[in-house]
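**Q** My questions will all concern the structure given below.
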Amino acid sequence: MEITLQDENNDPSGNFEFKAAHQAFRDRWKETDDTMCRHSMSFHLHHKLQSDFFASYLYLLEKTPLVKLFPVTCEFIKGEKQFYYRAQKFYKDVPASEEGMMGDFVEISNVDLESSCQFLKRFVGPGKSGTHCALDCGSGIGRVSKGVLLPVFEKVEMADMMEHFLLHAHEEYLGDAADRIETYYCYNLQEFTPPRNKYDVIWMQWVACHLTDKDLLNFLIRCKKSLRPNGVIIIKDNMARQGCKLDPIDSSISRHLDIMKVIIFKAGLEILAVEKQEGFPEVIMPVWMIAMK
């Protein structure tokens, strides 16, 4: 990519400092993954670099939109291993309860579940997805499995990285419905490969934010291979109002809706519908539902 700008007097000499910054920028990213990072930087990294010598280059990007900013979470979080370790450490202390799953907003659980049920209905039924088996990714204790998936599907499988969540789901929270949970997978999603050609619906709620861009992309590719005919993947997650927003407490990164769409497209998936969750307090980050196949 070449940038050539002239100053107001049509003198190209003023471009020297910008070209130098541009070259430094290119050198900075020369070893990153070309498909995910070549025209990318996270919102936080963007903000940080504006105060450094890249400011002139970023100014040009804003004035001359030659590239679009997408997240490079692996850079901002200072390493994938630490990113995932912090999340594991955080959830180790989270109680296996609805209050633990919803944090300080347990009162919105019913509104959330009702909206999810209505959204799911659009993709299940005659001529659409079947109702044999669904996979709940990042299931926790099974709040979504119990309130959204089990009323619709014959069988449900649950995947979560925290063993105490899955044990509580099986032994207490799901009650008699636990008999219809075919399998509990205690895996981190970045390391999990779902069985092929098995699921009518794969539901991912508040868990995509715990994956780096590369791992989310690869997991979606694996999920696509796990769908039965007419099967769909549904992501429901916080979406940043601008760029990306890192939560250092639970080690999650929320992406703008457009950024999420790019990752979905790169995974070879087609977006079927996008819907904003309504009825949540304004203080909560916007939550969107995305259905894809």
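The chains in the structure tokens are called A, B, ... from first to last as shown; in each chain the residues are counted from 1, and the ligands are counted from 1 in the order shown.
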Need the shell around Ile284 (chain A): protein/DNA/RNA residues with any atom at most 10 Å away, counting only C-alpha atoms. Skip same-chain ones fewer than 4 positions apart. Format as a PDB file with C-alpha atoms, in the first residue's frame?

**A**
ATOM      1  CA  PHE A 105     -27.512  -7.883  36.346  1.00  0.00           C
ATOM      2  CA  ASN A 238     -21.659  -7.607  24.010  1.00  0.00           C
ATOM      3  CA  PHE A 280     -31.527  -3.908  28.892  1.00  0.00           C
TER       4      PHE A 280
END

**Q** As a list in words, which residues of region 192-246 of chain A does DSSP assign to alpha helix (DSSP H)?

**A**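 Answer for region 192-246 of chain A, restricted to alpha helix (DSSP H): Asp213, Lys214, Asp215, Leu216, Leu217, Asn218, Phe219, Leu220, Ile221, Arg222, Cys223, Lys224, Lys225 and Ser226 of chain A.
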
**Q** Tell me, as a PyMOL selection string, which residues lie within 12 Å of Gly125 (chain A), counting only C-alpha atoms; anything in the same chain fewer than 2 positions away does not count.

**A** chain A and resi 120-123+127-132+152-153+200-201+230-231

**Q** Which one of A:Ile221, A:Val287, A:Ile202, A:Val274 sits closest to Ser254 (chain A) if you count only C-alpha atoms?

**A**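 That would be A:Val287, the residue with the smallest distance to Ser254 (chain A).
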
**Q** Which residues, written as a PyMOL selection string, have at least one atom at most 10 Å from Ser139 (chain A), with only C-alpha atoms counted and residues fewer than 3 positions away on the same chain left out?

**A** chain A and resi 101+135-136+142-145+157-162+165-166+169+184-185+203-207

**Q** Of the candidates A:Lys245, A:Asp213, A:Ser226, A:Asp250, which one gets nearest to Asp93 (chain A) if we count only C-alpha atoms?

**A**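 Closest to Asp93 (chain A), using only C-alpha atoms: A:Asp250.
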
**Q** List the neighbours of Lys261 (chain A) out to 10 Å using only C-alpha atoms; skip same-chain residues closer than 6 positions along the sequence, and give me the result as a list in words.

**A**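 My reading of the contact set: Arg255, Ala267, Leu269, Glu270, Ile271, Val274 and Ile290 of chain A.
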
**Q** Which of region 137-207 of chain A counts as strand (DSSP E or B) under DSSP, as an MDAnalysis selection string please?

**A** chainID A and resid 137 155:160 181:186 199:205

**Q** Find the residues around Glu107 (chain A) up to 10 Å (only C-alpha atoms counted), leave out those fewer than 5 positions away in its own chain, and share them as a PDB file with C-alpha atoms, in the first residue's frame.

**A**
ATOM      1  CA  GLU A  98     -27.555 -17.534  38.089  1.00  0.00           C
ATOM      2  CA  GLU A  99     -26.167 -14.600  40.019  1.00  0.00           C
ATOM      3  CA  MET A 102     -25.222 -12.681  35.250  1.00  0.00           C
ATOM      4  CA  ASP A 112     -32.564 -12.018  27.904  1.00  0.00           C
ATOM      5  CA  PHE A 280     -31.527  -3.908  28.892  1.00  0.00           C
TER       6      PHE A 280
END
